[in-house]
$ cat final-v6.cif   # mmCIF, C-alpha atoms
data_target
#
loop_
_atom_site.label_atom_id
_atom_site.label_comp_id
_atom_site.auth_asym_id
_atom_site.auth_seq_id
_atom_site.Cartn_x
_atom_site.Cartn_y
_atom_site.Cartn_z
CA MET E 134 27.57 113.77 -217.32
CA ILE E 135 27.60 111.64 -220.49
CA GLY E 136 31.17 110.56 -221.24
CA LEU E 137 32.48 111.80 -217.88
CA LYS E 138 34.00 108.42 -217.05
CA GLU E 139 36.02 108.46 -220.25
CA SER E 140 37.58 111.79 -219.22
CA PHE E 141 39.56 110.10 -216.47
CA GLY E 142 42.18 107.42 -216.86
CA SER E 143 41.65 103.98 -215.35
CA VAL E 144 43.72 103.00 -212.33
CA SER E 145 44.98 99.43 -212.33
CA PHE E 146 44.77 97.19 -209.27
CA GLU E 147 48.56 97.29 -208.98
CA GLN E 148 48.56 101.11 -209.03
CA TRP E 149 45.83 101.10 -206.41
CA ILE E 150 47.91 98.84 -204.13
CA ASP E 151 51.00 100.98 -204.64
CA ARG E 152 49.04 104.07 -203.64
CA LEU E 153 47.73 102.37 -200.51
CA LYS E 154 51.26 101.37 -199.50
CA LYS E 155 52.45 104.92 -200.04
CA ASP E 156 49.63 106.44 -197.97
CA LEU E 157 50.15 103.89 -195.18
CA LYS E 158 53.94 104.21 -195.42
CA SER E 159 54.14 100.44 -195.23
CA GLU E 160 54.52 97.47 -197.53
CA ASP E 161 52.22 95.45 -195.27
CA LEU E 162 48.52 95.94 -195.95
CA HIS E 163 47.53 93.45 -193.25
CA GLU E 164 46.06 96.18 -191.05
CA LEU E 165 43.46 96.83 -193.77
CA ASN E 166 42.20 93.27 -193.49
CA LYS E 167 39.46 92.97 -190.89
CA PHE E 168 37.75 90.07 -189.16
CA ASP E 169 34.36 90.55 -187.53
CA GLU E 170 34.04 88.26 -184.51
CA ILE E 171 30.26 88.65 -184.30
CA GLU E 172 29.63 88.05 -187.99
CA ASN E 173 32.40 85.45 -188.17
CA PHE E 174 33.80 86.58 -191.51
CA GLY E 175 36.73 88.58 -192.77
CA TYR E 176 36.84 91.42 -195.28
CA THR E 177 39.20 94.07 -196.62
CA SER E 178 38.64 97.76 -196.06
CA TYR E 179 39.74 98.51 -199.62
CA SER E 180 38.61 97.17 -202.97
CA HIS E 181 39.02 97.62 -206.70
CA GLU E 182 37.29 96.39 -209.82
CA LYS E 183 40.02 93.79 -210.21
CA SER E 184 39.64 92.53 -206.65
CA VAL E 185 35.93 91.98 -207.24
CA GLU E 186 36.63 90.04 -210.42
CA THR E 187 39.14 87.79 -208.73
CA ASN E 188 37.47 87.29 -205.34
CA ILE E 189 33.79 86.93 -206.17
CA THR E 190 33.25 83.58 -207.78
CA ASN E 191 29.66 82.84 -206.78
CA THR E 192 27.54 83.87 -209.78
CA GLU E 193 24.39 81.85 -209.09
CA PHE E 194 22.77 84.76 -207.27
CA THR E 195 21.26 87.59 -209.27
CA SER E 196 19.95 90.89 -207.99
CA SER E 197 16.25 91.54 -208.33
CA ASP E 198 14.17 94.66 -207.74
CA SER E 199 11.51 95.89 -210.13
CA ARG E 200 11.42 99.27 -208.42
CA ASN E 201 13.77 101.07 -210.81
CA HIS E 202 12.25 104.55 -210.87
CA THR E 203 12.51 105.64 -207.22
CA ASN E 204 14.32 104.94 -203.97
CA ASN E 205 11.45 106.22 -201.84
CA TRP E 206 10.41 104.27 -198.75
CA LYS E 207 7.43 104.44 -196.43
CA ASN E 208 7.95 106.08 -193.04
CA VAL E 209 6.20 103.68 -190.62
CA VAL E 210 4.98 104.42 -187.10
CA PHE E 211 4.25 101.49 -184.78
CA ILE E 212 1.05 101.73 -182.71
CA GLU E 213 -0.10 99.21 -180.11
CA VAL E 214 -3.88 98.95 -180.01
CA ASN E 215 -5.25 98.47 -176.51
CA ASP E 216 -7.91 101.16 -176.91
CA GLU E 217 -9.29 101.87 -180.39
CA LYS E 218 -10.01 105.55 -179.81
CA GLU E 219 -6.58 106.28 -178.37
CA ALA E 220 -4.87 104.36 -181.19
CA ASN E 221 -6.93 106.21 -183.79
CA SER E 222 -6.02 109.56 -182.25
CA LYS E 223 -2.33 108.61 -182.25
CA ALA E 224 -2.50 107.47 -185.87
CA LEU E 225 -4.09 110.72 -187.06
CA GLU E 226 -1.50 112.71 -185.10
CA VAL E 227 1.54 111.00 -186.65
CA LEU E 228 0.02 111.13 -190.13
CA MET E 229 -0.27 114.91 -189.76
CA LYS E 230 3.38 115.01 -188.66
CA GLY E 231 4.76 113.22 -191.72
CA ALA E 232 4.25 109.47 -191.38
CA ASP E 233 2.90 107.81 -194.52
CA ALA E 234 2.56 104.26 -193.14
CA LEU E 235 1.10 102.77 -189.98
CA HIS E 236 1.64 99.50 -188.17
CA PHE E 237 -1.26 98.58 -185.88
CA SER E 238 -0.31 95.82 -183.44
CA ILE E 239 -3.64 94.52 -182.14
CA GLN E 240 -3.45 93.64 -178.44
CA LYS E 241 -7.07 92.53 -177.87
CA SER E 242 -9.39 89.92 -179.33
CA ASN E 243 -12.44 92.10 -180.05
CA ILE E 244 -11.79 95.15 -182.20
CA ASN E 245 -14.11 97.95 -183.25
CA TRP E 246 -12.64 98.55 -186.69
CA GLU E 247 -14.88 101.54 -187.37
CA ILE E 248 -13.43 103.44 -184.41
CA LEU E 249 -9.83 102.35 -185.03
CA LEU E 250 -9.84 103.35 -188.71
CA ASP E 251 -12.09 106.40 -188.46
CA ASN E 252 -10.94 109.22 -190.79
CA ILE E 253 -7.79 107.29 -191.80
CA GLY E 254 -7.47 107.36 -195.59
CA LEU E 255 -6.22 103.85 -196.25
CA GLU E 256 -6.07 104.58 -199.96
CA TYR E 257 -3.34 107.20 -199.39
CA ILE E 258 -1.03 105.38 -196.96
CA PHE E 259 0.41 101.92 -196.33
CA THR E 260 -0.99 100.06 -193.32
CA GLU E 261 0.12 96.81 -191.76
CA PHE E 262 -1.70 94.87 -189.05
CA THR E 263 -0.43 92.33 -186.55
CA LEU E 264 -3.45 90.11 -185.86
CA HIS E 265 -4.01 86.98 -183.81
CA SER E 266 -6.64 84.89 -185.56
CA ALA E 267 -8.34 84.08 -188.85
CA ASP E 268 -11.54 85.57 -187.41
CA GLN E 269 -9.86 88.93 -186.85
CA PHE E 270 -8.51 88.80 -190.37
CA GLY E 271 -11.96 88.02 -191.76
CA GLU E 272 -13.43 91.04 -189.95
CA LEU E 273 -10.68 93.35 -191.18
CA HIS E 274 -10.82 91.96 -194.71
CA THR E 275 -14.55 92.63 -194.85
CA ARG E 276 -14.03 96.14 -193.46
CA ILE E 277 -11.34 97.24 -195.92
CA GLY E 278 -12.70 95.46 -199.01
CA ALA E 279 -10.77 95.00 -202.24
CA THR E 280 -10.25 98.75 -202.77
CA TYR E 281 -7.42 99.20 -200.27
CA GLN E 282 -5.77 95.79 -200.36
CA ARG E 283 -2.82 96.95 -202.44
CA ASN E 284 -1.89 99.21 -199.50
CA ILE E 285 -2.29 96.56 -196.80
CA ALA E 286 -0.04 93.91 -195.25
CA ILE E 287 -0.91 91.40 -192.55
CA ASN E 288 1.73 90.07 -190.16
CA PHE E 289 0.78 86.44 -189.60
CA ASP E 290 3.90 84.64 -188.35
CA LEU E 291 3.41 80.91 -188.89
CA VAL E 292 6.72 79.97 -187.28
CA ASN E 293 6.05 81.67 -183.96
CA ASP E 294 2.30 80.97 -183.87
CA ASP E 295 0.98 77.43 -184.30
CA THR E 296 -2.63 78.65 -184.22
CA THR E 297 -2.39 80.76 -187.38
CA ARG E 298 -0.47 77.96 -189.12
CA LYS E 299 -3.44 75.67 -188.54
CA GLU E 300 -5.78 78.39 -189.81
CA LEU E 301 -3.81 79.03 -193.02
CA LYS E 302 -6.36 77.48 -195.39
CA SER E 303 -9.14 79.55 -193.81
CA ILE E 304 -7.02 82.69 -194.15
CA ILE E 305 -6.29 81.95 -197.81
CA SER E 306 -9.96 81.30 -198.58
CA THR E 307 -10.80 84.72 -197.13
CA LEU E 308 -8.59 86.31 -199.79
CA ASN E 309 -10.98 85.02 -202.45
CA GLY E 310 -8.36 85.17 -205.18
CA ASN E 311 -7.04 88.67 -204.31
CA TYR E 312 -3.51 87.93 -203.12
CA TYR E 313 -1.52 90.45 -201.09
CA PRO E 314 1.07 90.15 -198.25
CA ILE E 315 -0.44 88.23 -195.34
CA LEU E 316 2.51 86.15 -194.07
CA LEU E 317 5.40 87.89 -192.33
CA VAL E 318 8.93 86.51 -192.27
CA ASP E 319 10.22 88.09 -189.08
CA GLY E 320 13.99 88.37 -189.22
CA TYR E 321 13.78 91.53 -187.09
CA SER E 322 12.70 89.70 -183.92
CA LEU E 323 15.52 87.18 -184.35
CA GLN E 324 18.03 90.01 -184.86
CA GLN E 325 16.76 91.65 -181.66
CA CYS E 326 17.54 88.39 -179.83
CA GLY E 327 21.17 88.83 -180.91
CA ALA E 328 21.34 87.06 -184.29
CA ASN E 329 24.11 88.08 -186.67
CA ILE E 330 23.59 88.78 -190.37
CA THR E 331 24.16 85.19 -191.50
CA GLU E 332 21.70 83.81 -188.95
CA GLU E 333 19.05 86.41 -189.73
CA LEU E 334 19.22 85.88 -193.50
CA ALA E 335 19.36 82.09 -193.30
CA PHE E 336 16.29 82.11 -191.04
CA CYS E 337 14.45 84.45 -193.43
CA LEU E 338 15.27 82.21 -196.40
CA ALA E 339 14.21 79.07 -194.54
CA THR E 340 10.96 80.67 -193.34
CA GLY E 341 10.14 82.13 -196.73
CA ASN E 342 10.75 78.73 -198.32
CA GLU E 343 8.39 76.99 -195.91
CA TYR E 344 5.76 79.64 -196.54
CA LEU E 345 6.02 79.06 -200.28
CA ILE E 346 5.62 75.32 -199.82
CA SER E 347 2.65 75.74 -197.47
CA LEU E 348 0.89 78.17 -199.79
CA MET E 349 1.44 76.00 -202.85
CA ASP E 350 0.23 72.94 -200.92
CA ALA E 351 -2.92 74.95 -200.24
CA GLY E 352 -3.48 75.36 -203.98
CA LEU E 353 -1.71 78.61 -204.89
CA THR E 354 0.71 78.96 -207.79
CA ILE E 355 4.27 80.06 -207.09
CA ASP E 356 3.44 83.57 -208.34
CA GLN E 357 0.40 83.79 -206.06
CA ALA E 358 2.39 82.40 -203.13
CA VAL E 359 5.19 84.96 -203.51
CA ALA E 360 2.60 87.76 -203.51
CA CYS E 361 1.45 86.62 -200.04
CA ILE E 362 4.87 86.96 -198.35
CA HIS E 363 6.74 89.94 -196.96
CA PHE E 364 9.92 90.29 -194.90
CA LYS E 365 10.93 92.39 -191.91
CA MET E 366 14.56 92.69 -190.83
CA GLY E 367 16.50 94.46 -188.16
CA VAL E 368 19.39 96.84 -188.77
CA GLY E 369 22.69 96.73 -186.93
CA ALA E 370 25.36 99.34 -186.35
CA HIS E 371 27.87 98.23 -189.02
CA TYR E 372 26.93 100.56 -191.85
CA PHE E 373 28.29 98.82 -194.95
CA GLN E 374 27.62 95.31 -193.70
CA GLU E 375 23.96 96.18 -193.19
CA ILE E 376 23.72 97.66 -196.68
CA ALA E 377 25.27 94.46 -198.04
CA LYS E 378 22.84 92.37 -195.98
CA PHE E 379 19.75 93.74 -197.70
CA LYS E 380 21.43 93.50 -201.09
CA SER E 381 22.36 89.89 -200.38
CA PHE E 382 18.87 88.95 -199.36
CA LYS E 383 17.42 90.27 -202.62
CA GLU E 384 19.87 88.05 -204.49
CA LEU E 385 19.31 85.02 -202.28
CA TRP E 386 15.52 85.28 -202.50
CA ALA E 387 15.71 85.58 -206.29
CA ALA E 388 17.88 82.44 -206.37
CA LEU E 389 15.44 80.58 -204.12
CA THR E 390 12.25 81.52 -205.99
CA SER E 391 13.87 80.69 -209.33
CA GLU E 392 13.92 77.03 -208.23
CA TYR E 393 10.11 77.07 -208.38
CA HIS E 394 10.07 78.53 -211.93
CA PRO E 395 7.66 81.47 -211.52
CA LYS E 396 6.09 82.96 -214.63
CA GLU E 397 6.03 86.59 -213.45
CA SER E 398 9.30 88.53 -213.27
CA SER E 399 7.99 90.35 -210.18
CA SER E 400 8.05 87.03 -208.31
CA TYR E 401 11.83 87.32 -208.06
CA ASP E 402 11.43 90.49 -206.00
CA CYS E 403 10.88 90.55 -202.25
CA LEU E 404 8.84 93.07 -200.29
CA MET E 405 11.17 94.15 -197.47
CA SER E 406 10.78 96.39 -194.47
CA ALA E 407 13.35 97.36 -191.85
CA GLN E 408 12.76 98.11 -188.20
CA ILE E 409 15.16 99.97 -185.93
CA GLY E 410 15.04 98.36 -182.50
CA SER E 411 16.64 98.48 -179.06
CA LEU E 412 19.56 96.04 -179.03
CA ASN E 413 22.25 98.76 -179.02
CA LYS E 414 20.27 101.71 -177.61
CA SER E 415 20.63 103.47 -174.26
CA LEU E 416 17.77 104.78 -172.13
CA ALA E 417 20.07 107.46 -170.74
CA ASP E 418 21.69 108.82 -173.93
CA PRO E 419 19.10 110.07 -176.45
CA TYR E 420 21.56 111.94 -178.64
CA THR E 421 23.88 108.99 -179.27
CA ASN E 422 20.74 106.97 -179.96
CA LEU E 423 19.80 109.56 -182.58
CA LEU E 424 23.13 109.03 -184.35
CA ARG E 425 22.72 105.26 -184.24
CA GLN E 426 19.15 105.37 -185.49
CA THR E 427 20.11 107.72 -188.31
CA THR E 428 22.96 105.60 -189.65
CA GLU E 429 20.77 102.50 -189.40
CA VAL E 430 18.00 104.16 -191.41
CA MET E 431 20.63 105.27 -193.92
CA SER E 432 21.83 101.67 -194.35
CA ALA E 433 18.31 100.39 -194.96
CA SER E 434 17.31 103.22 -197.30
CA ILE E 435 20.50 103.01 -199.37
CA ALA E 436 19.88 99.27 -199.75
CA GLY E 437 16.42 99.99 -201.16
CA VAL E 438 13.96 98.63 -198.58
CA HIS E 439 10.31 99.50 -199.07
CA ARG E 440 9.33 100.52 -195.53
CA ILE E 441 11.28 101.67 -192.45
CA ALA E 442 9.97 101.83 -188.88
CA VAL E 443 12.10 103.51 -186.21
CA LEU E 444 10.97 102.51 -182.74
CA PRO E 445 11.45 105.21 -180.09
CA TYR E 446 14.69 104.42 -178.25
CA ASP E 447 12.80 104.16 -174.93
CA SER E 448 10.08 101.85 -176.22
CA THR E 449 11.53 99.16 -173.93
CA SER E 450 11.30 101.37 -170.83
CA GLU E 451 8.68 100.79 -168.15
CA ASN E 452 8.28 104.57 -168.02
CA GLY E 453 6.97 104.60 -171.59
CA THR E 454 8.12 106.65 -174.55
CA SER E 455 8.87 110.38 -174.36
CA GLN E 456 7.85 113.12 -176.77
CA LEU E 457 11.52 113.56 -177.71
CA SER E 458 12.05 109.88 -178.58
CA GLU E 459 8.83 109.72 -180.60
CA ARG E 460 9.68 112.89 -182.51
CA MET E 461 13.21 111.65 -183.23
CA ALA E 462 11.91 108.32 -184.50
CA LEU E 463 9.39 109.94 -186.83
CA ASN E 464 11.62 112.69 -188.20
CA ILE E 465 14.75 110.73 -189.17
CA SER E 466 13.25 109.47 -192.43
CA LEU E 467 11.75 112.89 -193.17
CA ILE E 468 15.12 114.63 -192.81
CA LEU E 469 16.95 112.03 -194.91
CA LYS E 470 14.36 112.50 -197.65
CA GLU E 471 13.58 116.20 -197.56
CA GLU E 472 17.00 117.57 -196.61
CA SER E 473 19.44 114.88 -197.80
CA TYR E 474 17.45 113.51 -200.79
CA PHE E 475 18.13 109.85 -199.99
CA ASP E 476 14.92 108.97 -201.80
CA GLN E 477 16.08 110.56 -205.05
CA VAL E 478 19.11 108.41 -205.89
CA ILE E 479 18.18 105.11 -207.53
CA ASN E 480 20.30 102.13 -206.41
CA PRO E 481 23.18 104.19 -204.98
CA ILE E 482 25.24 101.09 -204.11
CA ASN E 483 25.68 100.08 -207.75
CA GLY E 484 29.38 99.99 -208.55
CA SER E 485 30.55 99.72 -204.93
CA TYR E 486 33.18 96.99 -205.01
CA SER E 487 33.34 96.87 -201.21
CA VAL E 488 29.61 96.20 -200.94
CA GLU E 489 29.86 93.61 -203.71
CA GLN E 490 32.59 91.77 -201.81
CA LEU E 491 30.67 91.87 -198.54
CA SER E 492 27.51 90.66 -200.30
CA ALA E 493 29.35 87.74 -201.88
CA THR E 494 30.66 86.68 -198.47
CA ILE E 495 27.24 86.99 -196.85
CA ASN E 496 25.59 85.12 -199.74
CA GLU E 497 27.80 82.08 -199.28
CA LYS E 498 27.54 81.95 -195.49
CA ALA E 499 23.77 82.54 -195.34
CA TRP E 500 23.07 80.05 -198.15
CA ALA E 501 25.14 77.39 -196.38
CA LEU E 502 23.30 77.87 -193.06
CA PHE E 503 19.96 77.87 -194.89
CA GLY E 504 20.97 74.50 -196.35
CA GLN E 505 21.63 73.12 -192.85
CA ILE E 506 18.21 74.29 -191.63
CA ASP E 507 16.50 72.89 -194.71
CA GLU E 508 18.21 69.50 -194.34
CA LYS E 509 16.74 69.20 -190.84
CA GLY E 510 13.20 69.69 -192.13
CA GLY E 511 12.88 73.50 -192.33
CA VAL E 512 11.72 75.96 -189.70
CA PHE E 513 8.53 74.02 -188.93
CA SER E 514 10.79 71.25 -187.62
CA GLU E 515 11.83 71.46 -183.96
CA GLU E 516 15.26 70.02 -184.81
CA ALA E 517 15.87 72.76 -187.37
CA LEU E 518 14.61 75.47 -185.02
CA GLN E 519 17.02 74.26 -182.37
CA ILE E 520 19.89 74.86 -184.81
CA VAL E 521 18.65 78.44 -185.17
CA ARG E 522 18.29 78.89 -181.40
CA ASN E 523 21.74 77.47 -180.63
CA ASN E 524 23.41 79.72 -183.18
CA VAL E 525 21.62 82.86 -182.00
CA LEU E 526 22.22 82.16 -178.30
CA ALA E 527 25.93 81.72 -178.96
CA THR E 528 26.09 84.97 -180.94
CA ALA E 529 24.11 86.88 -178.30
CA GLN E 530 26.47 85.66 -175.58
CA LYS E 531 29.43 86.74 -177.70
CA ARG E 532 27.90 90.21 -178.09
CA VAL E 533 27.49 90.58 -174.32
CA ILE E 534 31.02 89.37 -173.56
CA ARG E 535 32.62 91.65 -176.14
CA ALA E 536 30.60 94.65 -174.92
CA GLY E 537 31.42 93.84 -171.29
CA GLU E 538 35.13 93.59 -172.07
CA LYS E 539 34.89 96.76 -174.22
CA LYS E 540 36.22 94.97 -177.27
CA ASP E 541 33.25 96.57 -179.02
CA THR E 542 32.82 100.22 -178.10
CA LEU E 543 29.24 101.34 -177.50
CA ILE E 544 29.13 105.04 -176.64
CA GLY E 545 26.68 105.70 -173.84
CA ILE E 546 26.51 102.00 -172.93
CA ASN E 547 30.02 100.78 -172.09
CA LYS E 548 31.98 104.00 -172.67
CA PHE E 549 31.26 107.68 -171.91
CA THR E 550 28.08 106.67 -170.13
CA ILE E 551 25.62 109.28 -168.92
CA PRO E 552 23.91 108.72 -165.54
CA ALA E 553 20.17 108.36 -165.99
CA GLN E 554 18.19 111.36 -164.72
CA THR E 555 15.39 109.04 -163.61
CA ALA E 556 15.39 105.43 -162.46
CA VAL E 557 15.92 103.14 -165.45
CA SER E 558 13.80 100.03 -165.64
CA TYR E 559 12.91 97.86 -168.60
CA LYS E 560 9.70 96.21 -169.60
CA LYS E 561 9.56 92.45 -169.41
CA SER E 562 11.54 91.06 -172.35
CA ASN E 563 9.80 89.90 -175.48
CA ASN E 564 10.67 86.37 -176.52
CA TYR E 565 10.86 85.03 -180.04
CA LEU E 566 10.95 81.30 -180.70
CA GLY E 567 11.85 80.86 -177.03
CA LEU E 568 14.81 83.25 -177.30
CA PRO E 569 15.03 86.30 -174.98
CA GLN E 570 15.26 89.80 -176.43
CA LEU E 571 18.80 91.17 -176.08
CA ILE E 572 19.35 94.74 -174.85
CA LEU E 573 23.06 95.27 -174.30
CA GLU E 574 22.67 98.18 -171.85
CA ARG E 575 20.40 96.08 -169.65
CA GLU E 576 22.77 93.10 -169.76
CA LEU E 577 25.77 95.19 -168.77
CA THR E 578 23.84 97.01 -166.02
CA THR E 579 22.61 93.70 -164.62
CA ALA E 580 26.15 92.27 -164.70
CA LYS E 581 27.46 95.24 -162.67
CA ALA E 582 24.70 94.86 -160.09
#

$ encode --input "final-v6.cif" --output "structure tokens"
Amino acid sequence: MIGLKESFGSVSFEQWIDRLKKDLKSEDLHELNKFDEIENFGYTSYSHEKSVETNITNTEFTSSDSRNHTNNWKNVVFIEVNDEKEANSKALEVLMKGADALHFSIQKSNINWEILLDNIGLEYIFTEFTLHSADQFGELHTRIGATYQRNIAINFDLVNDDTTRKELKSIISTLNGNYYPILLVDGYSLQQCGANITEELAFCLATGNEYLISLMDAGLTIDQAVACIHFKMGVGAHYFQEIAKFKSFKELWAALTSEYHPKESSSYDCLMSAQIGSLNKSLADPYTNLLRQTTEVMSASIAGVHRIAVLPYDSTSENGTSQLSERMALNISLILKEESYFDQVINPINGSYSVEQLSATINEKAWALFGQIDEKGGVFSEEALQIVRNNVLATAQKRVIRAGEKKDTLIGINKFTIPAQTAVSYKKSNNYLGLPQLILERELTTAKA
């Protein structure tokens, strides 16, 4: 492969344009220029090295990822813990079926950690916990000890939970100098309320910034503070835009942390996970869901996230999840790794001029919205949060209108729908920051009724 590039002649931008005109049989390339109404930005469906040089002028953002030897990601299974023995049994089952990471969402105040974690080798897998108090964290921290902390993440969300924000100093003191991810920046939940890419990234930047300030105010250095933060994002259906989103966030986070002058190069990195949710899924069409979930996992894995959780497509159903949906959710990552080798190609988007252009556009828009939120006092300010809510509500409404008018085609939801074999009913919506969860199929079904 050495010298292969030199074996082929370079194609100039002008030659590239001439070829496009010939293939399209038209002098007008306007039809190749796109505008995304939901994302509120335009882009071209063709690109060249020259177009990148001339169109991308924002050079303040630099990519950052110290993971340069592998593109592997953890295959996460989400488990709600209402009964410790049942949750433990479920965890052992999915670990035997190929999961290598668990997410325990604790739904009760008193937990028997011995039963929940019985026979689970925490040293061999990654485990994250959604907890509800400093006391719970203290119990878990004592149970796991320092040995397994490098494989643990805690999902305290200080924006959505005033109680844990007040307990931050107690939580930090429990760490006793051993810093690992304890604060979650939850872009995923905002995305599931209908947020577009710009809104999700701006919120993640603003939240991450406030976390850094809070941690440093509590006595941590910038390097220690960065080590305490991790990010979770949703994944939408637009393949290349979602790849560009994750790439953009790496660059934006590196630009933000550089303002605090960290000493460790790893502090420019961000620990990112992706979660595949329900916004564009259908309870009646499992096979189209499988295609959607697969392309969404592909976007996240190509972009180099560290963990991916695929929620079963019927996780929002009152009837509960099926064996088929759970198996699909677990096996997508396994197939992409073991049959398609997505984990073997390091940074596969390097050299993609289209992704570079999209990333540059996203960078500028997300950074500008982050600036607006920051000017209003950051995400701990009600005025700033209202900016976030207003933006997301407007985008969610736009999504529903476009889907209802079939301007956006959603197979199985607004086109080529399949009648449900059983009565379809949804669980009560989750809310995030006072925003309702958006499920397009439910919105369109309700509108028809």

$ resolve_selection --input "final-v6.cif" --expression "the PyMOL selection byres ((chain E and resi 447) around 10)" --output "list of chain:residue names"
E:Gly410, E:Ser411, E:Lys414, E:Ser415, E:Leu416, E:Ala417, E:Pro419, E:Asn422, E:Leu444, E:Pro445, E:Tyr446, E:Ser448, E:Thr449, E:Ser450, E:Glu451, E:Asn452, E:Gly453, E:Thr454, E:Ser455, E:Leu457, E:Ser458, E:Glu459, E:Tyr559

$ residues_around --input "final-v6.cif" --residues "range 345-355 of chain E" --least-positions-apart "3" --cutoff "8 Å" --atoms "all atoms listed in the file" --output "JSON, numbers by chain"
{"E": [302, 341, 342, 358, 359, 393, 394, 395]}

$ write_last_selection --input "final-v6.cif" --atoms "C-alpha atoms" --output "mmCIF file, in the frame of the given file"
data_model
loop_
_atom_site.group_PDB
_atom_site.id
_atom_site.type_symbol
_atom_site.label_atom_id
_atom_site.label_comp_id
_atom_site.auth_asym_id
_atom_site.auth_seq_id
_atom_site.Cartn_x
_atom_site.Cartn_y
_atom_site.Cartn_z
ATOM 1 C CA LYS E 302 -6.360 77.480 -195.390
ATOM 2 C CA GLY E 341 10.140 82.130 -196.730
ATOM 3 C CA ASN E 342 10.750 78.730 -198.320
ATOM 4 C CA ALA E 358 2.390 82.400 -203.130
ATOM 5 C CA VAL E 359 5.190 84.960 -203.510
ATOM 6 C CA TYR E 393 10.110 77.070 -208.380
ATOM 7 C CA HIS E 394 10.070 78.530 -211.930
ATOM 8 C CA PRO E 395 7.660 81.470 -211.520
#

$ residues_around --input "final-v6.cif" --residues "Val438 in chain E" --least-positions-apart "6" --cutoff "12 Å" --atoms "only C-alpha atoms" --output "JSON, numbers by chain"
{"E": [198, 200, 203, 204, 205, 206, 207, 208, 363, 364, 365, 366, 367, 368, 375, 376, 378, 379, 380, 382, 383, 402, 403, 404, 405, 406, 407, 408, 430, 431, 432, 476, 479, 480]}

$ write_last_selection --input "final-v6.cif" --atoms "C-alpha atoms" --output "tab-separated table (two decimals), in the frame of the given file"
chain	number	residue	atom	x	y	z
E	198	ASP	CA	14.17	94.66	-207.74
E	200	ARG	CA	11.42	99.27	-208.42
E	203	THR	CA	12.51	105.64	-207.22
E	204	ASN	CA	14.32	104.94	-203.97
E	205	ASN	CA	11.45	106.22	-201.84
E	206	TRP	CA	10.41	104.27	-198.75
E	207	LYS	CA	7.43	104.44	-196.43
E	208	ASN	CA	7.95	106.08	-193.04
E	363	HIS	CA	6.74	89.94	-196.96
E	364	PHE	CA	9.92	90.29	-194.90
E	365	LYS	CA	10.93	92.39	-191.91
E	366	MET	CA	14.56	92.69	-190.83
E	367	GLY	CA	16.50	94.46	-188.16
E	368	VAL	CA	19.39	96.84	-188.77
E	375	GLU	CA	23.96	96.18	-193.19
E	376	ILE	CA	23.72	97.66	-196.68
E	378	LYS	CA	22.84	92.37	-195.98
E	379	PHE	CA	19.75	93.74	-197.70
E	380	LYS	CA	21.43	93.50	-201.09
E	382	PHE	CA	18.87	88.95	-199.36
E	383	LYS	CA	17.42	90.27	-202.62
E	402	ASP	CA	11.43	90.49	-206.00
E	403	CYS	CA	10.88	90.55	-202.25
E	404	LEU	CA	8.84	93.07	-200.29
E	405	MET	CA	11.17	94.15	-197.47
E	406	SER	CA	10.78	96.39	-194.47
E	407	ALA	CA	13.35	97.36	-191.85
E	408	GLN	CA	12.76	98.11	-188.20
E	430	VAL	CA	18.00	104.16	-191.41
E	431	MET	CA	20.63	105.27	-193.92
E	432	SER	CA	21.83	101.67	-194.35
E	476	ASP	CA	14.92	108.97	-201.80
E	479	ILE	CA	18.18	105.11	-207.53
E	480	ASN	CA	20.30	102.13	-206.41

$ closest_residue --input "final-v6.cif" --among "E:Gly310, E:Gly327, E:Gly142, E:Gly175" --to "Ala493 in chain E" --atoms "only C-alpha atoms"
E:Gly175

$ resolve_selection --input "final-v6.cif" --expression "the PyMOL selection byres ((chain E and resi 469) around 12)" --output "PyMOL selection string"
chain E and resi 204-206+208+426-435+463-468+470-478

$ residues_around --input "final-v6.cif" --residues "Asn215 in chain E" --least-positions-apart "2" --cutoff "7 Å" --atoms "only C-alpha atoms" --output "PyMOL selection string"
chain E and resi 213+217+240-241

$ atom_distance --input "final-v6.cif" --atom1 "CA of Asn243 in chain E" --atom2 "CA of Ala267 in chain E"
12.6 Å

$ resolve_selection --input "final-v6.cif" --expression "the PyMOL selection byres ((chain E and resi 503-508) around 7)" --output "PyMOL selection string"
chain E and resi 335-336+338-339+499-502+509-512+517

$ atom_distance --input "final-v6.cif" --atom1 "CA of Gln570 in chain E" --atom2 "CA of Gln325 in chain E"
5.7 Å

$ atom_distance --input "final-v6.cif" --atom1 "CA of Asn221 in chain E" --atom2 "CA of Asn245 in chain E"
11.0 Å

$ residues_around --input "final-v6.cif" --residues "Leu543 in chain E" --least-positions-apart "2" --cutoff "10 Å" --atoms "only C-alpha atoms" --output "list in words"
Ala370, Asn413, Lys414, Ser415, Thr421, Ala536, Gly537, Lys539, Lys540, Asp541, Gly545, Ile546, Asn547, Lys548, Phe549, Thr550, Leu573 and Glu574 of chain E

$ closest_residue --input "final-v6.cif" --among "E:Val533, E:Leu491, E:Ile551, E:Leu316" --to "Ile171 in chain E" --atoms "all atoms listed in the file"
E:Val533

$ closest_residue --input "final-v6.cif" --among "E:His236, E:His274, E:Arg152, E:His265" --to "Ser306 in chain E" --atoms "all atoms listed in the file"
E:His274

$ residues_near_point --input "final-v6.cif" --point "(26.0, 79.7, -180.4)" --cutoff "12 Å" --atoms "only C-alpha atoms" --output "list of chain:residue names"
E:Ile171, E:Glu172, E:Asn173, E:Gly327, E:Ala328, E:Asn329, E:Glu332, E:Gln519, E:Ile520, E:Val521, E:Arg522, E:Asn523, E:Asn524, E:Val525, E:Leu526, E:Ala527, E:Thr528, E:Ala529, E:Gln530, E:Lys531, E:Arg532
